[in-house]
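Enquirer: Structure in structure tokens, see below.
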Amino acid sequence: MSSVKGMDLPLERPDDGDGRAALFVPTTAIKEEVLQTVRKGAAIVGFGNHDRTLTIYYESNRFAEPTLAKWEQKARKCFERLLDNLPTTSKMVSKPENFEQVGYISSKGIVIRRMDVLHRWLEYSDAMDSAPAGETVAFAPPPPPKKIVAE
């Protein structure tokens with residue numbers, strides 16, 4: 001998988017909250033029909049399959065939700081869908097030549113190892129204002145479940 005460029009590509013869906021997935025961006029050689037499906041500015045997370053394909057989940061915020069304005073918010077939504085195996089149309093299996101890995105995401109946050117490549121994608125998409133401020137983005141833990149008190 002030449003597009004991974006030596007990074008440790010997670011294989012198979014993370015099976016628990018401590019697992020991680022890869023962060024991807026489209027390569028410059030991506031097929032036009034795949035790019036139109038994923039859409040410019042999308043956050044893309046996924047994992048490698050044993051048949052040398054990638055399973056990816058993507059979020060481009062096509063309905064302009066304010067809670068998905070930043071790239072890292074889109075990435076987190078994709079990761080939550082992937083982790084919970086939720087039904088979605090924003091999922092595909094692709095050849096690895098269409099995407100290159102830029103980092104990792106887990107329930108704790110994001111680590112970007114190739115910020116220059118992520119910036120190239122966001123500049124191409126005219127979405128630099130959504131770029132993360134640094135190479136690491138920590139996620140706040142989810143709030144504890146509310147207690148149900150019988151009256």
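Identifiers in this document derive from the order of the structure tokens: chains are assigned A, B, ..., residues are numbered from 1 separately in each chain, and ligands are numbered from 1 in order of occurrence.
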Quick one: residues within 12 Å of His50 of chain A, only C-alpha atoms, excluding same-chain residues fewer than 2 positions away - as a list in words?

Expert: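 Answer for this query is Met1, Leu9, Pro10, Leu11, Glu12, Arg13, Phe47, Gly48, Arg52, Thr53, Leu54 and Thr55 of chain A.
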
Enquirer: Kindly export the residues of the current selection with N, CA and C atoms, as an mmCIF file, in the first residue's frame.

Expert:
```cif
data_model
loop_
_atom_site.group_PDB
_atom_site.id
_atom_site.type_symbol
_atom_site.label_atom_id
_atom_site.label_comp_id
_atom_site.auth_asym_id
_atom_site.auth_seq_id
_atom_site.Cartn_x
_atom_site.Cartn_y
_atom_site.Cartn_z
ATOM 1 N N MET A 1 0.849 -1.183 0.000
ATOM 2 C CA MET A 1 0.000 0.000 0.000
ATOM 3 C C MET A 1 0.887 1.235 0.000
ATOM 4 N N LEU A 9 -0.993 1.216 9.519
ATOM 5 C CA LEU A 9 -2.404 1.250 9.151
ATOM 6 C C LEU A 9 -3.196 0.294 10.034
ATOM 7 N N PRO A 10 -4.178 0.803 10.790
ATOM 8 C CA PRO A 10 -5.024 -0.105 11.567
ATOM 9 C C PRO A 10 -5.785 -1.045 10.637
ATOM 10 N N LEU A 11 -5.778 -2.323 10.983
ATOM 11 C CA LEU A 11 -6.508 -3.322 10.223
ATOM 12 C C LEU A 11 -7.749 -3.721 10.998
ATOM 13 N N GLU A 12 -8.861 -3.754 10.341
ATOM 14 C CA GLU A 12 -10.164 -4.114 10.888
ATOM 15 C C GLU A 12 -10.729 -3.010 11.783
ATOM 16 N N ARG A 13 -12.033 -3.038 11.913
ATOM 17 C CA ARG A 13 -12.767 -2.065 12.704
ATOM 18 C C ARG A 13 -12.332 -2.127 14.169
ATOM 19 N N PHE A 47 -10.039 2.061 8.041
ATOM 20 C CA PHE A 47 -9.096 1.008 8.385
ATOM 21 C C PHE A 47 -8.826 0.166 7.153
ATOM 22 N N GLY A 48 -7.747 -0.587 7.206
ATOM 23 C CA GLY A 48 -7.395 -1.481 6.115
ATOM 24 C C GLY A 48 -8.098 -2.817 6.261
ATOM 25 N N ARG A 52 -6.548 -5.895 1.034
ATOM 26 C CA ARG A 52 -5.782 -4.715 0.619
ATOM 27 C C ARG A 52 -6.655 -3.562 0.134
ATOM 28 N N THR A 53 -7.891 -3.515 0.574
ATOM 29 C CA THR A 53 -8.748 -2.359 0.319
ATOM 30 C C THR A 53 -8.866 -1.564 1.617
ATOM 31 N N LEU A 54 -9.497 -0.413 1.519
ATOM 32 C CA LEU A 54 -9.758 0.417 2.694
ATOM 33 C C LEU A 54 -11.260 0.527 2.896
ATOM 34 N N THR A 55 -11.709 0.450 4.138
ATOM 35 C CA THR A 55 -13.085 0.812 4.473
ATOM 36 C C THR A 55 -13.012 2.190 5.079
#
```

Enquirer: Out of A:Val34, A:Ile56, A:Ala127, A:Ala133, which residue has the shortest atom-to-atom distance to Ile112 of chain A when counting only C-alpha atoms?

Expert: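 Closest residue, counting only C-alpha atoms: A:Ala133.
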
Enquirer: Do you know which residues are at most 10 Å from Leu68 of chain A counting only C-alpha atoms, after dropping those on the same chain fewer than 6 positions away, and could you put them as a VMD selection string?

Expert: chain A and resid 59 to 62 74 to 77 130

Enquirer: Step one, run DSSP on the backbone; step two, keep only residues of chain A assigned to alpha helix (DSSP H); then write them as a ChimeraX atom specification.

Expert: /A:32-38,71-84,115-124

Enquirer: Near Glu33 of chain A, counting only C-alpha atoms, which residues have an atom at most 12 Å away, once you skip same-chain residues fewer than 5 positions from it, shown as a list in words?

Expert: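 Here the answer would be Val38, Arg39, Ser94 and Asn98 of chain A.
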
Enquirer: Leaving out Ile44 of chain A and any residue of its chain fewer than 4 positions from it, which residues lie within 6 Å of it when counting only C-alpha atoms, given as an NGL selection string?

Expert: :A and (23-24 or 57-58)

Enquirer: Just to be explicit: take each residue in the selection above, keep all heavy atoms, and write the result as a CSV table (one decimal), in the first residue's frame.

Expert:
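Dumped everything to again.csv:
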```csv
chain,number,residue,atom,x,y,z
A,23,LEU,N,-6.7,8.3,9.8
A,23,LEU,CA,-7.3,9.5,9.2
A,23,LEU,C,-6.7,9.5,7.7
A,23,LEU,O,-5.5,9.3,7.6
A,23,LEU,CB,-6.8,10.7,9.9
A,23,LEU,CG,-7.5,10.9,11.3
A,23,LEU,CD1,-6.7,12.0,12.1
A,23,LEU,CD2,-8.9,11.4,11.1
A,24,PHE,N,-7.5,9.8,6.8
A,24,PHE,CA,-7.1,9.8,5.4
A,24,PHE,C,-7.5,11.1,4.7
A,24,PHE,O,-8.4,11.8,5.2
A,24,PHE,CB,-7.8,8.7,4.6
A,24,PHE,CG,-7.5,7.3,5.0
A,24,PHE,CD1,-8.4,6.6,5.8
A,24,PHE,CD2,-6.3,6.7,4.7
A,24,PHE,CE1,-8.1,5.3,6.1
A,24,PHE,CE2,-6.0,5.4,5.0
A,24,PHE,CZ,-6.9,4.7,5.8
A,57,TYR,N,-15.1,5.9,6.3
A,57,TYR,CA,-16.3,6.7,6.6
A,57,TYR,C,-15.9,8.1,6.4
A,57,TYR,O,-14.8,8.5,6.7
A,57,TYR,CB,-16.7,6.4,8.1
A,57,TYR,CG,-17.3,5.1,8.4
A,57,TYR,CD1,-16.5,3.9,8.3
A,57,TYR,CD2,-18.6,5.0,8.7
A,57,TYR,CE1,-17.1,2.7,8.6
A,57,TYR,CE2,-19.2,3.7,9.0
A,57,TYR,CZ,-18.4,2.6,9.0
A,57,TYR,OH,-18.9,1.4,9.3
A,58,TYR,N,-16.8,8.9,5.9
A,58,TYR,CA,-16.5,10.3,5.6
A,58,TYR,C,-17.7,11.2,6.0
A,58,TYR,O,-18.8,10.8,6.1
A,58,TYR,CB,-16.2,10.5,4.1
A,58,TYR,CG,-17.2,9.9,3.1
A,58,TYR,CD1,-18.2,10.7,2.6
A,58,TYR,CD2,-17.1,8.6,2.7
A,58,TYR,CE1,-19.2,10.1,1.8
A,58,TYR,CE2,-18.0,8.0,1.9
A,58,TYR,CZ,-19.1,8.8,1.4
A,58,TYR,OH,-20.0,8.2,0.6
```

Enquirer: What is the distance, in Å and to one decimal place, between atom CA of Leu118 of chain A and atom CA of Pro132 of chain A?

Expert: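 Straight-line distance from atom CA of Leu118 of chain A to atom CA of Pro132 of chain A works out to 9.6 Å.
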
Enquirer: Step one, run DSSP on the backbone; step two, keep only residues of chain A assigned to strand (DSSP E); then write them as a PyMOL selection string.

Expert: chain A and resi 20-26+43-48+54-59+91-94+99-106+109-112+136-138

Enquirer: Write a file of the selected residues as a compact mmCIF listing (two decimals), in the first residue's frame, keeping N, CA, C and O atoms.

Expert:
```txt
# COMPACT_ATOMS: atom_id res chain seq x y z
N ARG A 20 -8.26 2.43 17.63
CA ARG A 20 -8.02 3.61 16.81
C ARG A 20 -8.27 3.29 15.35
O ARG A 20 -8.28 2.13 14.94
N ALA A 21 -8.47 4.34 14.59
CA ALA A 21 -8.65 4.24 13.15
C ALA A 21 -7.68 5.21 12.49
O ALA A 21 -7.11 6.08 13.15
N ALA A 22 -7.53 5.06 11.20
CA ALA A 22 -6.65 5.94 10.45
C ALA A 22 -7.43 7.16 9.95
O ALA A 22 -8.63 7.09 9.72
N LEU A 23 -6.72 8.26 9.79
CA LEU A 23 -7.26 9.47 9.15
C LEU A 23 -6.68 9.52 7.75
O LEU A 23 -5.47 9.34 7.56
N PHE A 24 -7.53 9.77 6.78
CA PHE A 24 -7.11 9.81 5.38
C PHE A 24 -7.48 11.12 4.72
O PHE A 24 -8.39 11.83 5.18
N VAL A 25 -6.78 11.42 3.64
CA VAL A 25 -7.18 12.47 2.70
C VAL A 25 -7.06 11.87 1.31
O VAL A 25 -6.29 10.93 1.09
N PRO A 26 -7.81 12.39 0.34
CA PRO A 26 -7.67 11.89 -1.03
C PRO A 26 -6.29 12.19 -1.60
O PRO A 26 -5.70 13.22 -1.30
N ALA A 43 -13.81 15.04 6.18
CA ALA A 43 -12.94 14.27 7.07
C ALA A 43 -13.19 12.80 6.74
O ALA A 43 -14.33 12.40 6.52
N ILE A 44 -12.11 12.03 6.70
CA ILE A 44 -12.21 10.63 6.28
C ILE A 44 -11.46 9.77 7.29
O ILE A 44 -10.28 10.00 7.55
N VAL A 45 -12.15 8.80 7.86
CA VAL A 45 -11.52 7.86 8.80
C VAL A 45 -11.77 6.44 8.30
O VAL A 45 -12.74 6.20 7.57
N GLY A 46 -10.93 5.52 8.71
CA GLY A 46 -11.15 4.15 8.26
C GLY A 46 -10.07 3.20 8.71
O GLY A 46 -9.27 3.51 9.60
N PHE A 47 -10.04 2.06 8.04
CA PHE A 47 -9.10 1.01 8.39
C PHE A 47 -8.83 0.17 7.15
O PHE A 47 -9.57 0.19 6.18
N GLY A 48 -7.75 -0.59 7.21
CA GLY A 48 -7.40 -1.48 6.12
C GLY A 48 -8.10 -2.82 6.26
O GLY A 48 -8.37 -3.28 7.37
N LEU A 54 -9.50 -0.41 1.52
CA LEU A 54 -9.76 0.42 2.69
C LEU A 54 -11.26 0.53 2.90
O LEU A 54 -12.01 0.69 1.93
N THR A 55 -11.71 0.45 4.14
CA THR A 55 -13.08 0.81 4.47
C THR A 55 -13.01 2.19 5.08
O THR A 55 -12.28 2.41 6.05
N ILE A 56 -13.73 3.14 4.48
CA ILE A 56 -13.69 4.52 4.98
C ILE A 56 -15.09 5.02 5.30
O ILE A 56 -16.08 4.61 4.69
N TYR A 57 -15.14 5.90 6.27
CA TYR A 57 -16.33 6.66 6.61
C TYR A 57 -15.95 8.12 6.40
O TYR A 57 -14.83 8.52 6.74
N TYR A 58 -16.85 8.90 5.86
CA TYR A 58 -16.51 10.30 5.56
C TYR A 58 -17.66 11.20 5.98
O TYR A 58 -18.82 10.80 6.06
N GLU A 59 -17.30 12.46 6.25
CA GLU A 59 -18.28 13.48 6.64
C GLU A 59 -17.86 14.78 6.01
O GLU A 59 -16.77 15.27 6.24
N LYS A 91 -20.16 5.87 3.64
CA LYS A 91 -19.20 4.79 3.87
C LYS A 91 -18.90 4.14 2.52
O LYS A 91 -19.78 4.06 1.68
N MET A 92 -17.67 3.68 2.34
CA MET A 92 -17.33 2.96 1.11
C MET A 92 -16.10 2.11 1.33
O MET A 92 -15.34 2.33 2.26
N VAL A 93 -15.93 1.15 0.45
CA VAL A 93 -14.70 0.37 0.36
C VAL A 93 -13.99 0.86 -0.90
O VAL A 93 -14.61 0.98 -1.95
N SER A 94 -12.71 1.16 -0.77
CA SER A 94 -11.99 1.77 -1.87
C SER A 94 -10.61 1.15 -2.02
O SER A 94 -10.06 0.56 -1.10
N PHE A 99 -6.56 7.14 -1.50
CA PHE A 99 -6.42 7.85 -0.23
C PHE A 99 -5.04 7.65 0.36
O PHE A 99 -4.41 6.62 0.15
N GLU A 100 -4.58 8.65 1.12
CA GLU A 100 -3.33 8.52 1.85
C GLU A 100 -3.56 8.85 3.31
O GLU A 100 -4.34 9.74 3.65
N GLN A 101 -2.88 8.13 4.16
CA GLN A 101 -3.04 8.27 5.60
C GLN A 101 -2.27 9.48 6.11
O GLN A 101 -1.11 9.68 5.74
N VAL A 102 -2.92 10.27 6.97
CA VAL A 102 -2.26 11.45 7.55
C VAL A 102 -2.14 11.36 9.06
O VAL A 102 -1.46 12.18 9.67
N GLY A 103 -2.82 10.40 9.69
CA GLY A 103 -2.74 10.30 11.14
C GLY A 103 -3.69 9.25 11.68
O GLY A 103 -4.09 8.33 10.96
N TYR A 104 -4.05 9.46 12.96
CA TYR A 104 -4.89 8.50 13.67
C TYR A 104 -5.96 9.23 14.47
O TYR A 104 -5.80 10.39 14.84
N ILE A 105 -7.05 8.51 14.76
CA ILE A 105 -8.10 9.03 15.62
C ILE A 105 -8.53 7.91 16.57
O ILE A 105 -8.56 6.74 16.19
N SER A 106 -8.82 8.30 17.80
CA SER A 106 -9.34 7.37 18.79
C SER A 106 -10.39 8.14 19.61
O SER A 106 -10.63 9.32 19.35
N GLY A 109 -8.77 11.33 21.04
CA GLY A 109 -8.40 12.49 20.23
C GLY A 109 -7.78 12.11 18.90
O GLY A 109 -7.85 10.97 18.46
N ILE A 110 -7.15 13.11 18.31
CA ILE A 110 -6.56 13.00 16.97
C ILE A 110 -5.07 13.26 17.06
O ILE A 110 -4.63 14.16 17.79
N VAL A 111 -4.30 12.47 16.31
CA VAL A 111 -2.87 12.72 16.14
C VAL A 111 -2.62 12.80 14.64
O VAL A 111 -2.86 11.84 13.91
N ILE A 112 -2.13 13.94 14.19
CA ILE A 112 -1.85 14.15 12.77
C ILE A 112 -0.34 14.06 12.59
O ILE A 112 0.41 14.82 13.20
N THR A 136 -2.16 17.68 17.41
CA THR A 136 -2.95 16.84 18.31
C THR A 136 -4.21 17.59 18.71
O THR A 136 -4.17 18.80 18.94
N VAL A 137 -5.29 16.86 18.77
CA VAL A 137 -6.57 17.41 19.21
C VAL A 137 -7.11 16.44 20.25
O VAL A 137 -7.39 15.28 19.94
N ALA A 138 -7.23 16.92 21.48
CA ALA A 138 -7.76 16.07 22.56
C ALA A 138 -9.27 16.24 22.61
O ALA A 138 -9.79 17.35 22.48
```

Enquirer: Excluding Asp15 of chain A and any residue of its chain fewer than 6 positions from it, enumerate the residues within 10 Å of it, using only C-alpha atoms, and give them as a list in words.

Expert: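 Listing them by chain and then by number gives Leu82, Leu83, Asp84 and Asn85 of chain A.
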
Enquirer: Pick out the closest residue to Thr27 of chain A from this set: A:Glu97, A:Asp8, A:Glu135, A:Glu65. Count only C-alpha atoms.

Expert: A:Glu97

Enquirer: State, in Å with one decimal place, the distance from atom CA of Lys31 of chain A to atom CA of Asp51 of chain A.

Expert: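 The value is 20.0 Å.
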
Enquirer: Which one is closest to Val117 of chain A: A:Ala140, A:Ala131, A:Ile148, A:Ala64? Count only C-alpha atoms.

Expert: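 Looking only at the distances to Val117 of chain A, the closest residue turns out to be A:Ala131.
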
Enquirer: Could you jot down the atom CA of Asp16 of chain A to atom CA of Arg113 of chain A separation for me, Å, one decimal place?

Expert: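 Going from atom CA of Asp16 of chain A over to atom CA of Arg113 of chain A covers 23.1 Å.
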
Enquirer: Of the candidates A:Phe79, A:Glu123, A:Thr89, A:Ser107, which shows the shortest atom-to-atom distance to Gly41 of chain A, using only C-alpha atoms?

Expert: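 Smallest separation from Gly41 of chain A among the options: A:Glu123.
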